[in-house]
file work_2.cif (mmCIF, C-alpha atoms)
data_model
loop_
_atom_site.label_atom_id
_atom_site.label_comp_id
_atom_site.auth_asym_id
_atom_site.auth_seq_id
_atom_site.Cartn_x
_atom_site.Cartn_y
_atom_site.Cartn_z
CA MET A 18 0.00 0.00 0.00
CA ILE A 19 1.57 3.28 -1.12
CA GLY A 20 1.77 6.02 1.47
CA ARG A 21 2.19 4.06 4.70
CA THR A 22 5.21 6.25 5.40
CA ILE A 23 5.35 9.77 3.99
CA GLY A 24 8.09 12.37 3.99
CA PHE A 25 7.80 16.06 3.23
CA ILE A 26 10.83 18.09 2.31
CA GLY A 27 9.66 21.55 3.26
CA GLY A 28 7.26 22.24 6.12
CA GLY A 29 5.48 25.32 4.82
CA ARG A 30 1.99 26.13 3.59
CA ILE A 31 1.39 23.28 1.17
CA THR A 32 2.58 20.63 3.64
CA ARG A 33 0.15 22.03 6.19
CA ILE A 34 -2.62 22.01 3.58
CA ILE A 35 -2.04 18.38 2.58
CA LEU A 36 -1.74 17.16 6.17
CA GLY A 37 -4.84 19.13 7.09
CA GLY A 38 -6.82 17.51 4.30
CA LEU A 39 -5.63 14.01 5.20
CA ARG A 40 -6.48 14.52 8.87
CA ARG A 41 -9.89 15.99 8.09
CA ALA A 42 -10.70 12.89 6.04
CA GLY A 43 -9.41 10.54 8.73
CA GLN A 44 -6.61 9.38 6.41
CA MET A 45 -3.57 10.64 8.29
CA PRO A 46 -0.70 8.14 7.86
CA ASP A 47 0.85 6.67 10.98
CA HIS A 48 4.34 7.79 9.99
CA VAL A 49 4.94 11.31 8.64
CA THR A 50 8.37 12.95 8.64
CA VAL A 51 8.88 16.60 7.73
CA SER A 52 12.23 18.28 7.18
CA ASP A 53 12.91 21.99 6.96
CA GLU A 54 15.81 24.32 7.64
CA ASN A 55 13.56 26.55 9.74
CA VAL A 56 13.06 25.04 13.19
CA GLY A 57 10.28 27.50 13.96
CA THR A 58 8.33 26.28 10.93
CA LEU A 59 8.71 22.68 12.07
CA ASN A 60 7.70 23.42 15.65
CA ALA A 61 4.59 25.24 14.45
CA LEU A 62 3.71 22.28 12.24
CA ARG A 63 4.15 19.77 15.07
CA ALA A 64 2.01 21.93 17.35
CA GLU A 65 -0.79 21.49 14.82
CA PHE A 66 0.02 17.85 13.99
CA PRO A 67 1.55 16.36 17.18
CA ASN A 68 2.35 12.95 15.69
CA VAL A 69 4.51 14.34 12.90
CA ILE A 70 8.23 13.57 13.19
CA ILE A 71 10.26 16.70 12.56
CA ALA A 72 13.75 16.60 11.05
CA PRO A 73 15.50 19.98 11.26
CA ASN A 74 18.08 20.33 8.47
CA ASP A 75 17.82 16.60 7.69
CA ASN A 76 16.24 16.19 4.27
CA GLY A 77 17.66 12.69 4.04
CA LYS A 78 15.41 11.52 6.88
CA ALA A 79 12.30 12.78 5.08
CA ALA A 80 13.53 11.35 1.78
CA ALA A 81 13.89 7.84 3.24
CA ASN A 82 10.12 7.22 3.22
CA GLU A 83 7.89 5.36 0.77
CA LEU A 84 6.23 8.50 -0.55
CA VAL A 85 8.30 11.68 -0.65
CA PHE A 86 6.73 15.08 -1.30
CA LEU A 87 9.01 17.85 -2.50
CA ALA A 88 7.23 20.87 -1.04
CA LEU A 89 9.70 23.60 -1.97
CA HIS A 90 9.77 26.47 -4.42
CA PRO A 91 11.73 25.73 -7.63
CA PRO A 92 15.02 27.48 -6.71
CA ALA A 93 15.22 25.73 -3.33
CA LEU A 94 14.10 22.43 -4.83
CA LYS A 95 16.93 22.38 -7.36
CA GLU A 96 19.45 22.77 -4.56
CA ILE A 97 18.38 19.70 -2.57
CA LEU A 98 17.93 17.11 -5.33
CA GLY A 99 21.52 15.87 -5.26
CA GLU A 100 21.48 15.88 -1.46
CA ILE A 101 18.51 13.51 -1.17
CA ALA A 102 19.30 11.21 -4.10
CA THR A 103 21.22 8.68 -2.01
CA SER A 104 18.50 8.59 0.66
CA LEU A 105 15.68 7.52 -1.65
CA GLN A 106 14.54 3.91 -1.44
CA PRO A 107 14.55 2.11 -4.83
CA GLU A 108 10.76 1.60 -4.65
CA ALA A 109 9.97 5.06 -3.28
CA ILE A 110 7.85 7.52 -5.22
CA VAL A 111 8.78 11.20 -5.35
CA VAL A 112 5.97 13.75 -5.75
CA SER A 113 7.09 17.22 -6.77
CA LEU A 114 4.68 20.02 -5.90
CA ALA A 115 6.67 22.68 -7.75
CA PRO A 116 6.13 24.20 -11.19
CA LYS A 117 8.91 24.78 -13.75
CA ILE A 118 11.04 21.70 -13.03
CA SER A 119 10.15 18.84 -15.38
CA ILE A 120 10.13 15.14 -14.60
CA ALA A 121 13.22 14.76 -16.78
CA ALA A 122 15.06 17.52 -14.89
CA LEU A 123 14.00 16.06 -11.54
CA SER A 124 15.26 12.64 -12.60
CA GLU A 125 18.59 14.10 -13.68
CA GLY A 126 18.97 15.98 -10.40
CA LEU A 127 18.14 12.80 -8.48
CA GLY A 128 20.88 10.84 -10.20
CA GLY A 129 18.61 9.01 -12.62
CA PHE A 130 15.80 8.14 -10.20
CA LYS A 131 12.68 7.79 -12.33
CA ARG A 132 9.72 7.06 -10.04
CA ILE A 133 8.46 10.62 -10.11
CA VAL A 134 5.08 12.37 -10.06
CA ARG A 135 4.30 16.05 -10.48
CA MET A 136 1.20 17.37 -8.78
CA ASN A 137 -0.28 20.86 -8.81
CA PRO A 138 -1.38 21.57 -5.23
CA ASN A 139 -4.51 23.57 -4.46
CA ALA A 140 -5.31 25.29 -1.14
CA PRO A 141 -8.93 23.99 -0.91
CA SER A 142 -7.38 20.54 -0.42
CA ILE A 143 -7.31 21.49 3.26
CA VAL A 144 -11.08 20.90 3.24
CA ASN A 145 -10.89 17.99 0.76
CA SER A 146 -12.15 20.16 -2.11
CA GLY A 147 -8.99 20.78 -4.08
CA HIS A 148 -8.24 20.42 -7.77
CA ASN A 149 -4.82 18.79 -7.93
CA PRO A 150 -3.85 17.71 -11.47
CA VAL A 151 -1.15 15.04 -11.66
CA ALA A 152 1.39 13.95 -14.26
CA PHE A 153 3.13 10.59 -13.88
CA SER A 154 6.48 9.39 -15.16
CA THR A 155 6.43 6.29 -17.35
CA ALA A 156 8.29 4.39 -14.60
CA LEU A 157 5.10 3.98 -12.56
CA THR A 158 2.83 1.01 -13.20
CA PRO A 159 -0.93 1.39 -13.74
CA SER A 160 -1.47 -0.20 -10.32
CA GLU A 161 0.82 2.31 -8.61
CA LYS A 162 -0.85 5.19 -10.41
CA GLY A 163 -4.22 3.89 -9.24
CA GLU A 164 -3.09 3.70 -5.61
CA LEU A 165 -1.72 7.23 -5.76
CA LYS A 166 -4.96 8.54 -7.23
CA VAL A 167 -6.91 6.97 -4.36
CA LEU A 168 -4.67 8.81 -1.90
CA PHE A 169 -4.76 12.10 -3.81
CA GLN A 170 -8.55 11.98 -4.19
CA VAL A 171 -8.82 12.40 -0.43
CA LEU A 172 -7.70 15.98 -1.13
CA GLY A 173 -10.19 16.55 -3.95
CA ALA A 174 -10.19 16.04 -7.70
CA CYS A 175 -6.91 14.79 -9.20
CA PRO A 176 -7.24 14.49 -12.98
CA GLU A 177 -4.29 12.96 -14.82
CA ILE A 178 -2.92 15.50 -17.29
CA PRO A 179 -0.02 15.81 -19.74
CA GLU A 180 3.02 17.20 -17.98
CA ARG A 181 3.14 20.18 -20.36
CA ASP A 182 -0.13 21.45 -18.80
CA ILE A 183 1.13 21.64 -15.20
CA GLU A 184 2.11 25.32 -15.42
CA ALA A 185 -1.25 26.30 -16.92
CA TYR A 186 -3.03 24.73 -13.97
CA ALA A 187 -0.59 26.41 -11.60
CA VAL A 188 -1.89 29.77 -12.80
CA LEU A 189 -5.56 28.80 -13.16
CA THR A 190 -6.29 26.52 -10.20
CA ALA A 191 -3.33 26.56 -7.79
CA MET A 192 -3.23 30.36 -7.66
CA GLY A 193 -6.88 30.76 -8.65
CA PRO A 194 -8.39 31.20 -5.17
CA THR A 195 -6.25 34.29 -4.63
CA TYR A 196 -8.06 36.04 -7.47
CA PHE A 197 -11.39 35.80 -5.62
CA TRP A 198 -10.88 35.35 -1.90
CA PHE A 199 -10.14 38.99 -1.10
CA GLN A 200 -13.19 40.06 -3.09
CA LEU A 201 -15.46 37.60 -1.30
CA TYR A 202 -14.14 38.64 2.12
CA GLU A 203 -14.84 42.25 1.16
CA LEU A 204 -18.42 41.31 0.25
CA ILE A 205 -18.79 39.65 3.66
CA GLU A 206 -17.64 42.83 5.40
CA LEU A 207 -20.01 44.91 3.28
CA GLY A 208 -22.87 42.57 4.14
CA LYS A 209 -22.19 42.98 7.85
CA SER A 210 -22.06 46.76 7.39
CA PHE A 211 -25.52 46.52 5.81
CA GLY A 212 -26.80 45.01 9.06
CA LEU A 213 -26.68 41.30 8.21
CA SER A 214 -25.40 38.85 10.79
CA ALA A 215 -22.10 37.12 10.09
CA ASP A 216 -23.86 33.74 9.74
CA ALA A 217 -26.44 35.12 7.33
CA VAL A 218 -23.99 36.90 5.06
CA GLU A 219 -21.55 33.96 5.00
CA CYS A 220 -24.37 31.57 4.08
CA GLY A 221 -25.58 33.96 1.40
CA ILE A 222 -22.14 34.44 -0.16
CA ALA A 223 -21.44 30.70 -0.13
CA ASP A 224 -24.76 29.92 -1.83
CA MET A 225 -24.24 32.74 -4.32
CA VAL A 226 -20.80 31.47 -5.34
CA ARG A 227 -21.96 27.86 -5.71
CA GLY A 228 -24.99 28.99 -7.70
CA ALA A 229 -22.98 31.33 -9.92
CA VAL A 230 -20.55 28.55 -10.85
CA ALA A 231 -23.38 26.07 -11.44
CA THR A 232 -25.08 28.60 -13.73
CA MET A 233 -21.88 28.95 -15.77
CA PHE A 234 -21.42 25.24 -16.34
CA GLU A 235 -24.86 23.63 -15.98
CA SER A 236 -27.34 26.07 -17.55
CA ASP A 237 -26.50 25.47 -21.23
CA LEU A 238 -26.36 29.25 -21.61
CA SER A 239 -23.58 31.08 -23.43
CA PRO A 240 -21.24 33.34 -21.42
CA ALA A 241 -23.08 36.40 -22.75
CA GLU A 242 -26.44 34.91 -21.79
CA VAL A 243 -25.23 34.09 -18.28
CA ILE A 244 -23.91 37.61 -17.74
CA ASP A 245 -27.16 39.06 -19.07
CA LEU A 246 -29.22 37.25 -16.41
CA VAL A 247 -28.52 40.07 -13.94
CA PRO A 248 -29.41 43.47 -15.41
CA VAL A 249 -27.79 45.70 -12.78
CA LYS A 250 -23.98 45.50 -12.73
CA PRO A 251 -22.58 47.94 -10.13
CA ILE A 252 -18.96 47.46 -11.22
CA GLY A 253 -19.67 46.76 -14.89
CA GLU A 254 -17.83 49.88 -16.01
CA ASP A 255 -14.64 48.43 -14.52
CA GLU A 256 -14.98 45.08 -16.30
CA ALA A 257 -12.61 45.95 -19.16
CA ALA A 258 -9.92 47.10 -16.73
CA LEU A 259 -10.28 43.91 -14.70
CA LYS A 260 -10.01 41.74 -17.81
CA HIS A 261 -6.89 43.65 -18.85
CA LEU A 262 -5.42 43.06 -15.40
CA TYR A 263 -6.11 39.34 -15.63
CA ARG A 264 -4.56 39.03 -19.07
CA THR A 265 -1.43 41.04 -18.39
CA LYS A 266 -0.67 39.64 -14.92
CA LEU A 267 -1.59 36.02 -15.55
CA MET A 268 -0.03 35.75 -19.00
CA ALA A 269 3.19 37.13 -17.51
CA MET A 270 3.04 34.61 -14.67
CA TYR A 271 2.46 31.74 -17.09
CA ALA A 272 5.37 32.86 -19.26
CA LYS A 273 7.60 33.01 -16.17
CA LEU A 274 6.64 29.49 -15.10
CA ARG A 275 7.23 28.13 -18.59
CA SER A 276 10.62 29.81 -19.02
#
call {"tool": "encode", "arguments": {"input": "work_2.cif", "output": "structure tokens"}}
result
Amino acid sequence: MIGRTIGFIGGGRITRIILGGLRRAGQMPDHVTVSDENVGTLNALRAEFPNVIIAPNDNGKAAANELVFLALHPPALKEILGEIATSLQPEAIVVSLAPKISIAALSEGLGGFKRIVRMNPNAPSIVNSGHNPVAFSTALTPSEKGELKVLFQVLGACPEIPERDIEAYAVLTAMGPTYFWFQLYELIELGKSFGLSADAVECGIADMVRGAVATMFESDLSPAEVIDLVPVKPIGEDEAALKHLYRTKLMAMYAKLRS
């Protein structure tokens, strides 16, 4: 069974998100080791997840598990590949959570190790509602891929995609919540200023968002027809500027990740 022992190299946000999702689903492995150079980060993680084994400045200890998550940003990730190569078990599986670095480049950095997966992490995985696309190396068997998908599905959807699409999903889904969260929190504050209770406005916003998305994808209406359903658009005059912002900022981010 894949995932009986799990190691995380990097104890930051995405490690906390994945562990939070596993715990919430009652699927927390018995043996989890997390390494990080920042002892404060590790202590904070263990305060939240008391059974986690922390390994300050010992990436080899985290890499010696059956399933090894590389939870670092690309520049830091490149630096530790050679360091952990000799600690990997022959039958281990390495899951990179970083954009930019291909399976081929990861394999080269790991001294030819080929049992590699790339996954695009998504913050809503903390409540088991993520969208985490995965790309597998050819070294994994169909059975192993199936076992990994069962584990990943605890965190939410995990469609298998071509590796070339990882960076597109990084911009659209991994970073996607940041495009909306601040706006939704602002609506909540406005609702409370209008005299609504916190519970009422939070329920209303949640239902509105779910309904708006369902209307987009389940109504059989065109985008123009969907937008036309609501005649009054208080910020409609700013729509062009917002679209321009999306295109310039997100196209630049995609180009950076693909470079």
call {"tool": "closest_atom_pairs", "arguments": {"input": "work_2.cif", "of": "region 154-244 of chain A", "to": "region 120-132 of chain A", "cutoff": "12 Å", "atoms": "all atoms listed in the file", "output": "CSV"}}
result
residue,atom,partner,partner_atom,distance
A:Ser154,CA,A:Arg132,CA,6.5
A:Thr155,CA,A:Arg132,CA,8.1
A:Ala156,CA,A:Arg132,CA,5.5
A:Leu157,CA,A:Arg132,CA,6.1
A:Thr158,CA,A:Arg132,CA,9.7
A:Glu161,CA,A:Arg132,CA,10.2
A:Lys162,CA,A:Arg132,CA,10.7
A:Pro179,CA,A:Ile120,CA,11.4
A:Glu180,CA,A:Ile120,CA,8.1
A:Arg181,CA,A:Ile120,CA,10.4
A:Ile183,CA,A:Ile120,CA,11.1
call {"tool": "write_last_selection", "arguments": {"input": "work_2.cif", "atoms": "C-alpha atoms", "output": "mmCIF file, keeping the file's coordinate frame"}}
result
data_model
loop_
_atom_site.group_PDB
_atom_site.id
_atom_site.type_symbol
_atom_site.label_atom_id
_atom_site.label_comp_id
_atom_site.auth_asym_id
_atom_site.auth_seq_id
_atom_site.Cartn_x
_atom_site.Cartn_y
_atom_site.Cartn_z
ATOM 1 C CA SER A 154 6.480 9.390 -15.160
ATOM 2 C CA THR A 155 6.430 6.290 -17.350
ATOM 3 C CA ALA A 156 8.290 4.390 -14.600
ATOM 4 C CA LEU A 157 5.100 3.980 -12.560
ATOM 5 C CA THR A 158 2.830 1.010 -13.200
ATOM 6 C CA GLU A 161 0.820 2.310 -8.610
ATOM 7 C CA LYS A 162 -0.850 5.190 -10.410
ATOM 8 C CA PRO A 179 -0.020 15.810 -19.740
ATOM 9 C CA GLU A 180 3.020 17.200 -17.980
ATOM 10 C CA ARG A 181 3.140 20.180 -20.360
ATOM 11 C CA ILE A 183 1.130 21.640 -15.200
#
call {"tool": "residues_around", "arguments": {"input": "work_2.cif", "residues": "Tyr263 (chain A)", "least_positions_apart": "5", "cutoff": "12 Å", "atoms": "only C-alpha atoms", "output": "JSON, numbers by chain"}}
result
{"A": [188, 189, 193, 196, 197, 256, 257, 258, 268, 269, 270, 271]}
call {"tool": "write_last_selection", "arguments": {"input": "work_2.cif", "atoms": "C-alpha atoms", "output": "compact mmCIF listing (two decimals), in the coordinates of the input"}}
result
# COMPACT_ATOMS: atom_id res chain seq x y z
CA VAL A 188 -1.89 29.77 -12.80
CA LEU A 189 -5.56 28.80 -13.16
CA GLY A 193 -6.88 30.76 -8.65
CA TYR A 196 -8.06 36.04 -7.47
CA PHE A 197 -11.39 35.80 -5.62
CA GLU A 256 -14.98 45.08 -16.30
CA ALA A 257 -12.61 45.95 -19.16
CA ALA A 258 -9.92 47.10 -16.73
CA MET A 268 -0.03 35.75 -19.00
CA ALA A 269 3.19 37.13 -17.51
CA MET A 270 3.04 34.61 -14.67
CA TYR A 271 2.46 31.74 -17.09
call {"tool": "resolve_selection", "arguments": {"input": "work_2.cif", "expression": "the PyMOL selection byres ((chain A and resi 139) around 9)", "output": "count of residues only"}}
result
19
call {"tool": "resolve_selection", "arguments": {"input": "work_2.cif", "expression": "the PyMOL selection byres ((chain A and resi 83-100) around 8)", "output": "ChimeraX atom specification"}}
result
/A:19-29,31-32,76-77,79-82,101-103,106,108-118,123,126-128
call {"tool": "atom_distance", "arguments": {"input": "work_2.cif", "atom1": "CA of Val134 (chain A)", "atom2": "CA of Ala152 (chain A)"}}
result
5.8 Å
call {"tool": "axis_aligned_box", "arguments": {"input": "work_2.cif", "around": "region 221-233 of chain A", "padding_each_side": "3 Å", "output": "lines of an AutoDock Vina configuration file"}}
result
center_x = -23.1
center_y = 30.3
center_z = -7.2
size_x = 11.0
size_y = 14.4
size_z = 23.2
call {"tool": "atom_distance", "arguments": {"input": "work_2.cif", "atom1": "CA of Asn55 (chain A)", "atom2": "CA of Ser104 (chain A)"}}
result
20.7 Å
call {"tool": "atom_distance", "arguments": {"input": "work_2.cif", "atom1": "CA of Ala61 (chain A)", "atom2": "CA of Gly37 (chain A)"}}
result
13.4 Å
call {"tool": "closest_residue", "arguments": {"input": "work_2.cif", "among": "A:Leu201, A:Ala217, A:Val49, A:Leu165", "to": "Ile70 (chain A)", "atoms": "only C-alpha atoms"}}
result
A:Val49
